[in-house]
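See below for the structure under consideration.
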Amino acid sequence: MIDPLTLPKAELHLHIEGTLEPELMFKLARRNGVRLPYPDAEAVRRAYRFSNLQSFLDVYYRACSVLIHERDFYELTAAYLARARDQGVRHVEIFFDPQTHAARGVQLETVVRGIGRALTEARQRGMTSYLIMCFLRDRPVDDAMATLEQALAHRDAIFGVGLDSAEVGHPPEKFRDVFDRAINAGFRAVAHAGEEGPPEYIWQALDVLGAERIDHGVRCLEDRSLVQRLGTDRIPLTVCPFSNVKLRVVGSLEEHPLAKMLDHGLCATVNSDDPAYFGGYVGDNLAGVAEALRLDDSALVHLARNSFEASFLDDAARARHIAELTAAG
Ligand code: ADE
Ligand code: ZN
């Protein structure tokens, strides 16, 4: 029997700001003199009842106000990496939202340095990583372009660009010029699409933005020709089961479309999105869907294999991870 919690895996859909556990939130709030609208960590957890993506984002952006100094970003990232390591993560591709921090006067350099220091330490212990900078799709395009211009000075630390935040009403095509410029500058591209938004947003992410991977994408199943395209081109989908249930994208884990996506031959992967808010890290997500959808050992190994296949690792590194998996399964 395979243990999904410790099975070797890559995590490809993880917002570092979404790993802020209530205890660290309070520690940073005290240290930085920030007032929180909760008396203690337990009250914070009780407040994590969401009706949709926006109701979560309101809480999430507010909590980000405790992240100010390089040390804060370092501690946040180091804490995530320790947990991820305990859950079998060998490689992680981490999102961060620079515009959220810039709005509070926190420089891109502060964020990148803090996260980067923790990633460097983890690399020395064998965990590899790439950093992906997300643009907030519900803010003006000019803001995203200005953020990209700043990121050019950190080309060595930032591997790719993504698109996140409130989806409905903010189609990917708005960001065509930003992604064109980013890809021309050598960044790899991914985008959130088909979480709450329609299949049309997934088409746009692929054909207008040039996204190589779709974050979430669970609504692809509503469009048969899209499913065919995703399957034929082996476009990975970074699925986040606990997130989908918490944000009411799906009714329950038992009703989650992950098994259907695999049945269609899609390269679906399991990820945690914002684990401090949604009730578990990547291994917990894998264990949760394994039980709810009755996935057998071969399906679990298949999902773990997909996670390495879907990563931006080079062929040699990917093959090493897949060989380790084969030995485990
Ligand atoms: N930012 C953090 N989590 C997100 C999600 N699930 N969807 C869109 N933007 C996000
Ligand atoms: Zn996400």
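By convention here, the chains of the structure tokens are called A, B, ... in the order presented, each chain's residues are numbered starting at 1, and ligands are numbered starting at 1 in the order presented.
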Which residues form the shell of 9 Å around ligand 2 when you count only C-alpha atoms and all ligand atoms, given as a ChimeraX atom specification?
/A:13-15,18,95,163-165,192,195,215-216,238,240,243,272-274
Could you dump the residues just selected with N, CA and C atoms as a PDB file, in the first residue's frame?
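Result went into again_26.pdb, see below:
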ATOM      1  N   HIS A  13       1.331  24.161  -7.857  1.00  0.00           N
ATOM      2  CA  HIS A  13       0.320  25.209  -7.687  1.00  0.00           C
ATOM      3  C   HIS A  13       0.240  25.533  -6.208  1.00  0.00           C
ATOM      4  N   LEU A  14       1.038  26.521  -5.818  1.00  0.00           N
ATOM      5  CA  LEU A  14       1.183  26.843  -4.403  1.00  0.00           C
ATOM      6  C   LEU A  14       1.475  28.332  -4.293  1.00  0.00           C
ATOM      7  N   HIS A  15       0.565  29.068  -3.664  1.00  0.00           N
ATOM      8  CA  HIS A  15       0.782  30.509  -3.441  1.00  0.00           C
ATOM      9  C   HIS A  15       1.487  30.644  -2.093  1.00  0.00           C
ATOM     10  N   GLY A  18      -0.388  31.978   0.646  1.00  0.00           N
ATOM     11  CA  GLY A  18      -1.453  31.096   1.123  1.00  0.00           C
ATOM     12  C   GLY A  18      -0.951  30.012   2.071  1.00  0.00           C
ATOM     13  N   PHE A  95       4.243  30.208  -6.486  1.00  0.00           N
ATOM     14  CA  PHE A  95       3.685  31.499  -6.908  1.00  0.00           C
ATOM     15  C   PHE A  95       3.888  32.544  -5.812  1.00  0.00           C
ATOM     16  N   LEU A 163      -0.980  34.140 -13.703  1.00  0.00           N
ATOM     17  CA  LEU A 163      -2.114  35.068 -13.632  1.00  0.00           C
ATOM     18  C   LEU A 163      -3.076  34.529 -12.582  1.00  0.00           C
ATOM     19  N   ASP A 164      -3.377  35.353 -11.558  1.00  0.00           N
ATOM     20  CA  ASP A 164      -4.286  34.853 -10.521  1.00  0.00           C
ATOM     21  C   ASP A 164      -5.227  35.950 -10.041  1.00  0.00           C
ATOM     22  N   SER A 165      -5.869  35.720  -8.903  1.00  0.00           N
ATOM     23  CA  SER A 165      -6.875  36.602  -8.286  1.00  0.00           C
ATOM     24  C   SER A 165      -8.252  36.395  -8.928  1.00  0.00           C
ATOM     25  N   HIS A 192      -3.957  30.857 -14.160  1.00  0.00           N
ATOM     26  CA  HIS A 192      -5.181  30.319 -13.574  1.00  0.00           C
ATOM     27  C   HIS A 192      -6.295  30.500 -14.603  1.00  0.00           C
ATOM     28  N   GLU A 195     -11.267  27.963 -13.130  1.00  0.00           N
ATOM     29  CA  GLU A 195     -11.538  27.668 -11.715  1.00  0.00           C
ATOM     30  C   GLU A 195     -13.002  28.040 -11.485  1.00  0.00           C
ATOM     31  N   ASP A 215      -3.660  26.448 -14.455  1.00  0.00           N
ATOM     32  CA  ASP A 215      -3.868  26.287 -13.014  1.00  0.00           C
ATOM     33  C   ASP A 215      -5.364  26.164 -12.737  1.00  0.00           C
ATOM     34  N   HIS A 216      -5.721  25.080 -12.076  1.00  0.00           N
ATOM     35  CA  HIS A 216      -7.113  24.632 -11.850  1.00  0.00           C
ATOM     36  C   HIS A 216      -7.632  23.959 -13.137  1.00  0.00           C
ATOM     37  N   THR A 238      -3.064  21.960 -13.115  1.00  0.00           N
ATOM     38  CA  THR A 238      -2.677  21.856 -11.698  1.00  0.00           C
ATOM     39  C   THR A 238      -3.948  21.978 -10.849  1.00  0.00           C
ATOM     40  N   CYS A 240      -6.486  21.500  -7.590  1.00  0.00           N
ATOM     41  CA  CYS A 240      -6.347  21.728  -6.150  1.00  0.00           C
ATOM     42  C   CYS A 240      -7.644  21.311  -5.454  1.00  0.00           C
ATOM     43  N   SER A 243      -9.014  23.147  -2.195  1.00  0.00           N
ATOM     44  CA  SER A 243      -9.377  24.515  -2.569  1.00  0.00           C
ATOM     45  C   SER A 243     -10.737  24.532  -3.258  1.00  0.00           C
ATOM     46  N   SER A 272      -1.896  22.045  -3.564  1.00  0.00           N
ATOM     47  CA  SER A 272      -2.609  22.533  -2.372  1.00  0.00           C
ATOM     48  C   SER A 272      -3.127  23.971  -2.477  1.00  0.00           C
ATOM     49  N   ASP A 273      -2.640  24.783  -3.447  1.00  0.00           N
ATOM     50  CA  ASP A 273      -3.122  26.150  -3.675  1.00  0.00           C
ATOM     51  C   ASP A 273      -2.763  27.068  -2.502  1.00  0.00           C
ATOM     52  N   ASP A 274      -3.583  27.075  -1.452  1.00  0.00           N
ATOM     53  CA  ASP A 274      -3.363  27.939  -0.279  1.00  0.00           C
ATOM     54  C   ASP A 274      -3.575  27.084   0.972  1.00  0.00           C
TER      55      ASP A 274
END
Let's see if you can do this: from backbone DSSP, list all strand (DSSP E) residues in segment 152-215 of chain A, as a ChimeraX atom specification.
/A:160-164,188-193,213-215
Considering only C-alpha atoms, return as a ChimeraX atom specification whatever protein or nucleic-acid residues lie within 12 Å of Arg62 of chain A, sequence-local ones (same chain, fewer than 5 positions apart) excluded.
/A:17-18,20,25,29,34-38,44,55-57,67,100-101,103-104
Let me see the file: selected residues, all heavy atoms, as a short mmCIF file (atom, residue, chain, number, x, y, z; two decimals), in the first residue's frame.
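Full text of again-v4.cif as output:
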data_model
loop_
_atom_site.label_atom_id
_atom_site.label_comp_id
_atom_site.auth_asym_id
_atom_site.auth_seq_id
_atom_site.Cartn_x
_atom_site.Cartn_y
_atom_site.Cartn_z
N GLU A 17 1.93 33.09 -0.21
CA GLU A 17 1.13 33.87 0.76
C GLU A 17 0.01 33.02 1.36
O GLU A 17 -0.49 33.31 2.45
CB GLU A 17 0.52 35.10 0.09
CG GLU A 17 1.53 36.13 -0.40
CD GLU A 17 2.02 35.89 -1.83
OE1 GLU A 17 1.76 34.79 -2.39
OE2 GLU A 17 2.67 36.79 -2.39
N GLY A 18 -0.39 31.98 0.65
CA GLY A 18 -1.45 31.10 1.12
C GLY A 18 -0.95 30.01 2.07
O GLY A 18 -1.71 29.11 2.44
N LEU A 20 0.49 31.01 4.92
CA LEU A 20 0.63 31.75 6.18
C LEU A 20 -0.32 31.17 7.24
O LEU A 20 -1.51 31.47 7.26
CB LEU A 20 0.30 33.24 5.93
CG LEU A 20 0.40 34.18 7.12
CD1 LEU A 20 1.80 34.20 7.72
CD2 LEU A 20 -0.02 35.60 6.71
N MET A 25 1.03 34.19 11.44
CA MET A 25 0.36 35.48 11.18
C MET A 25 0.40 36.34 12.44
O MET A 25 0.74 37.53 12.40
CB MET A 25 -1.09 35.20 10.77
CG MET A 25 -1.83 36.37 10.21
SD MET A 25 -3.62 36.03 10.07
CE MET A 25 -3.66 34.67 8.93
N ALA A 29 2.45 39.75 13.08
CA ALA A 29 1.64 40.93 13.41
C ALA A 29 2.21 41.62 14.66
O ALA A 29 2.36 42.85 14.69
CB ALA A 29 0.19 40.52 13.64
N VAL A 34 1.28 45.22 13.50
CA VAL A 34 0.09 45.24 12.63
C VAL A 34 -1.11 44.72 13.42
O VAL A 34 -1.01 43.70 14.12
CB VAL A 34 0.32 44.34 11.38
CG1 VAL A 34 -0.95 44.24 10.53
CG2 VAL A 34 1.48 44.88 10.55
N ARG A 35 -2.23 45.42 13.33
CA ARG A 35 -3.45 44.97 14.03
C ARG A 35 -4.21 43.98 13.16
O ARG A 35 -4.42 44.22 11.97
CB ARG A 35 -4.36 46.17 14.31
CG ARG A 35 -4.03 46.88 15.60
CD ARG A 35 -4.93 48.10 15.75
NE ARG A 35 -6.34 47.68 15.85
CZ ARG A 35 -6.95 47.41 17.00
NH1 ARG A 35 -6.28 47.53 18.13
NH2 ARG A 35 -8.22 47.05 17.03
N LEU A 36 -4.63 42.87 13.77
CA LEU A 36 -5.43 41.88 13.04
C LEU A 36 -6.86 41.92 13.57
O LEU A 36 -7.07 42.18 14.76
CB LEU A 36 -4.85 40.46 13.25
CG LEU A 36 -3.52 40.18 12.56
CD1 LEU A 36 -2.96 38.83 13.01
CD2 LEU A 36 -3.66 40.22 11.04
N PRO A 37 -7.83 41.63 12.70
CA PRO A 37 -9.23 41.71 13.14
C PRO A 37 -9.70 40.45 13.87
O PRO A 37 -10.89 40.13 13.81
CB PRO A 37 -9.99 41.90 11.81
CG PRO A 37 -9.15 41.23 10.79
CD PRO A 37 -7.72 41.34 11.25
N TYR A 38 -8.79 39.73 14.52
CA TYR A 38 -9.14 38.49 15.24
C TYR A 38 -8.41 38.50 16.58
O TYR A 38 -7.27 38.97 16.66
CB TYR A 38 -8.67 37.25 14.47
CG TYR A 38 -8.98 37.23 13.00
CD1 TYR A 38 -8.01 37.62 12.06
CD2 TYR A 38 -10.23 36.82 12.53
CE1 TYR A 38 -8.29 37.60 10.70
CE2 TYR A 38 -10.51 36.79 11.17
CZ TYR A 38 -9.52 37.19 10.25
OH TYR A 38 -9.79 37.17 8.90
N VAL A 44 -9.09 32.96 13.97
CA VAL A 44 -8.76 33.08 12.55
C VAL A 44 -9.27 31.84 11.82
O VAL A 44 -9.95 31.93 10.80
CB VAL A 44 -7.23 33.21 12.34
CG1 VAL A 44 -6.88 33.24 10.86
CG2 VAL A 44 -6.69 34.45 13.03
N SER A 55 -14.64 35.79 -1.65
CA SER A 55 -14.75 35.86 -0.18
C SER A 55 -13.47 35.36 0.47
O SER A 55 -13.08 35.82 1.55
CB SER A 55 -15.96 35.05 0.30
OG SER A 55 -15.75 33.67 0.05
N PHE A 56 -12.78 34.43 -0.18
CA PHE A 56 -11.47 33.98 0.31
C PHE A 56 -10.41 35.06 0.07
O PHE A 56 -9.62 35.38 0.97
CB PHE A 56 -11.06 32.67 -0.39
CG PHE A 56 -9.59 32.45 -0.44
CD1 PHE A 56 -8.87 32.18 0.73
CD2 PHE A 56 -8.89 32.56 -1.63
CE1 PHE A 56 -7.49 32.00 0.69
CE2 PHE A 56 -7.52 32.39 -1.68
CZ PHE A 56 -6.81 32.11 -0.51
N LEU A 57 -10.40 35.63 -1.14
CA LEU A 57 -9.35 36.61 -1.48
C LEU A 57 -9.39 37.81 -0.53
O LEU A 57 -8.35 38.35 -0.16
CB LEU A 57 -9.50 37.07 -2.94
CG LEU A 57 -9.18 35.99 -4.00
CD1 LEU A 57 -9.58 36.48 -5.40
CD2 LEU A 57 -7.71 35.59 -3.98
N LEU A 67 3.13 40.79 6.32
CA LEU A 67 4.38 40.48 5.61
C LEU A 67 5.02 41.78 5.13
O LEU A 67 4.52 42.41 4.18
CB LEU A 67 4.09 39.57 4.40
CG LEU A 67 3.53 38.19 4.72
CD1 LEU A 67 2.92 37.54 3.48
CD2 LEU A 67 4.64 37.30 5.30
N THR A 100 0.39 42.70 -4.52
CA THR A 100 -0.24 42.77 -3.19
C THR A 100 0.70 43.46 -2.21
O THR A 100 0.27 44.23 -1.35
CB THR A 100 -0.47 41.33 -2.66
OG1 THR A 100 -1.20 40.62 -3.64
CG2 THR A 100 -1.20 41.32 -1.35
N HIS A 101 1.98 43.16 -2.33
CA HIS A 101 2.96 43.70 -1.38
C HIS A 101 3.37 45.13 -1.78
O HIS A 101 3.55 45.98 -0.92
CB HIS A 101 4.17 42.77 -1.29
CG HIS A 101 3.75 41.34 -1.05
ND1 HIS A 101 3.01 40.98 0.06
CD2 HIS A 101 3.91 40.21 -1.79
CE1 HIS A 101 2.75 39.68 0.00
NE2 HIS A 101 3.28 39.20 -1.12
N ALA A 103 1.53 47.34 -3.05
CA ALA A 103 0.46 48.25 -2.64
C ALA A 103 0.67 48.73 -1.20
O ALA A 103 0.16 49.76 -0.79
CB ALA A 103 -0.89 47.57 -2.78
N ARG A 104 1.45 47.94 -0.40
CA ARG A 104 1.75 48.34 0.99
C ARG A 104 3.15 48.92 1.10
O ARG A 104 3.69 49.06 2.20
CB ARG A 104 1.64 47.11 1.92
CG ARG A 104 0.23 46.62 2.08
CD ARG A 104 0.14 45.37 2.94
NE ARG A 104 0.58 44.20 2.21
CZ ARG A 104 1.73 43.57 2.38
NH1 ARG A 104 2.56 43.99 3.30
NH2 ARG A 104 2.04 42.52 1.65
#
Got a sec: who's within 6 Å of segment 114-123 of chain A, counting only C-alpha atoms, leaving out chain neighbours fewer than 5 positions off, as a ChimeraX atom specification?
/A:70-71,73-74,77-78,128
Would you output that residue set with N, CA, C and O atoms, as a PDB file, in the first residue's frame?
ATOM      1  N   GLU A  70      12.076  41.437   4.694  1.00  0.00           N
ATOM      2  CA  GLU A  70      12.672  40.272   4.030  1.00  0.00           C
ATOM      3  C   GLU A  70      12.595  39.035   4.927  1.00  0.00           C
ATOM      4  O   GLU A  70      12.259  37.929   4.478  1.00  0.00           O
ATOM      5  N   ARG A  71      12.872  39.244   6.207  1.00  0.00           N
ATOM      6  CA  ARG A  71      12.842  38.142   7.181  1.00  0.00           C
ATOM      7  C   ARG A  71      11.460  37.474   7.255  1.00  0.00           C
ATOM      8  O   ARG A  71      11.342  36.266   7.457  1.00  0.00           O
ATOM      9  N   PHE A  73       9.259  37.159   4.803  1.00  0.00           N
ATOM     10  CA  PHE A  73       9.087  36.290   3.623  1.00  0.00           C
ATOM     11  C   PHE A  73       9.972  35.046   3.741  1.00  0.00           C
ATOM     12  O   PHE A  73       9.589  33.961   3.310  1.00  0.00           O
ATOM     13  N   TYR A  74      11.132  35.232   4.346  1.00  0.00           N
ATOM     14  CA  TYR A  74      12.029  34.095   4.563  1.00  0.00           C
ATOM     15  C   TYR A  74      11.373  33.073   5.506  1.00  0.00           C
ATOM     16  O   TYR A  74      11.311  31.876   5.215  1.00  0.00           O
ATOM     17  N   THR A  77       8.427  31.221   3.907  1.00  0.00           N
ATOM     18  CA  THR A  77       8.836  30.223   2.906  1.00  0.00           C
ATOM     19  C   THR A  77       9.525  29.025   3.569  1.00  0.00           C
ATOM     20  O   THR A  77       9.266  27.872   3.193  1.00  0.00           O
ATOM     21  N   ALA A  78      10.369  29.299   4.554  1.00  0.00           N
ATOM     22  CA  ALA A  78      11.069  28.202   5.243  1.00  0.00           C
ATOM     23  C   ALA A  78      10.058  27.274   5.920  1.00  0.00           C
ATOM     24  O   ALA A  78      10.209  26.039   5.896  1.00  0.00           O
ATOM     25  N   THR A 128      14.464  21.064  -4.955  1.00  0.00           N
ATOM     26  CA  THR A 128      14.622  22.077  -6.000  1.00  0.00           C
ATOM     27  C   THR A 128      13.354  22.928  -6.104  1.00  0.00           C
ATOM     28  O   THR A 128      12.285  22.531  -5.623  1.00  0.00           O
TER      29      THR A 128
END
Residues within 10 Å of Gln99 of chain A, only C-alpha atoms, excluding chain neighbours under 6 positions, as a PDB file with C-alpha atoms, in the first residue's frame:
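Saved result, part29.pdb, follows:
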ATOM      1  CA  GLY A 105       5.109  49.790  -0.022  1.00  0.00           C
ATOM      2  CA  VAL A 106       6.982  46.460   0.100  1.00  0.00           C
ATOM      3  CA  GLN A 107       9.537  46.327  -2.709  1.00  0.00           C
ATOM      4  CA  LEU A 108       9.804  43.431  -5.148  1.00  0.00           C
ATOM      5  CA  MET A 133       5.464  35.765 -10.276  1.00  0.00           C
ATOM      6  CA  CYS A 134       1.699  36.159 -10.685  1.00  0.00           C
ATOM      7  CA  PHE A 135      -0.105  39.207 -12.031  1.00  0.00           C
ATOM      8  CA  LEU A 136      -3.378  40.126 -10.327  1.00  0.00           C
ATOM      9  CA  ARG A 139      -5.941  45.093 -11.247  1.00  0.00           C
ATOM     10  CA  ASP A 143       0.095  47.716 -13.172  1.00  0.00           C
ATOM     11  CA  ALA A 144       1.002  44.237 -14.387  1.00  0.00           C
ATOM     12  CA  ALA A 146       5.049  47.910 -14.609  1.00  0.00           C
ATOM     13  CA  THR A 147       5.546  44.897 -12.305  1.00  0.00           C
TER      14      THR A 147
END
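You can rank A:Lys246, A:Lys260, A:His91, A:Arg213 by their closest distance to ligand 1 using only C-alpha atoms and all ligand atoms, and at the top of that list sits A:Lys246.
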Quick one, how far is atom CA of Gln124 of chain A from atom CA of Val282 of chain A?
21.8 Å
Write out as number ranges by chain which residues come within 7 Å of Ala193 of chain A when counting only C-alpha atoms, dropping same-chain ones fewer than 4 positions away.
A: 197, 201-202, 205, 214-217
With only C-alpha atoms and all ligand atoms as the basis for distance, which of A:Gly162, A:Gly265, A:Pro236, A:Gly279 is at the shortest distance from ligand 1?
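The shortest atom-to-atom distance to ligand 1 comes from A:Gly162.
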Could you give me, as number ranges by chain, the residues within 9 Å of Glu212 of chain A, counting only C-alpha atoms and dropping anything in the same chain fewer than 6 positions from it?
A: 188-191, 205-206, 235-236
Please tabulate, as JSON lines, the residues of segment 2-85 of chain A that come within 12 Å of segment 167-187 of chain A, each with its closest pair of atoms and the distance in Å to one decimal, counting only C-alpha atoms and ordering rows by chain, then residue number upward.
{"residue": "A:Asn52", "atom": "CA", "partner": "A:Glu167", "partner_atom": "CA", "distance": 11.0}
{"residue": "A:Leu53", "atom": "CA", "partner": "A:Glu167", "partner_atom": "CA", "distance": 8.4}
{"residue": "A:Gln54", "atom": "CA", "partner": "A:Glu167", "partner_atom": "CA", "distance": 8.9}
{"residue": "A:Leu57", "atom": "CA", "partner": "A:Glu167", "partner_atom": "CA", "distance": 11.1}
Find, counting only C-alpha atoms, the residue in A:Ala157, A:Ala276, A:Ile2, A:Val66 that gets nearest to Thr19 of chain A.
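That would be A:Ala276, the residue with the smallest distance to Thr19 of chain A.
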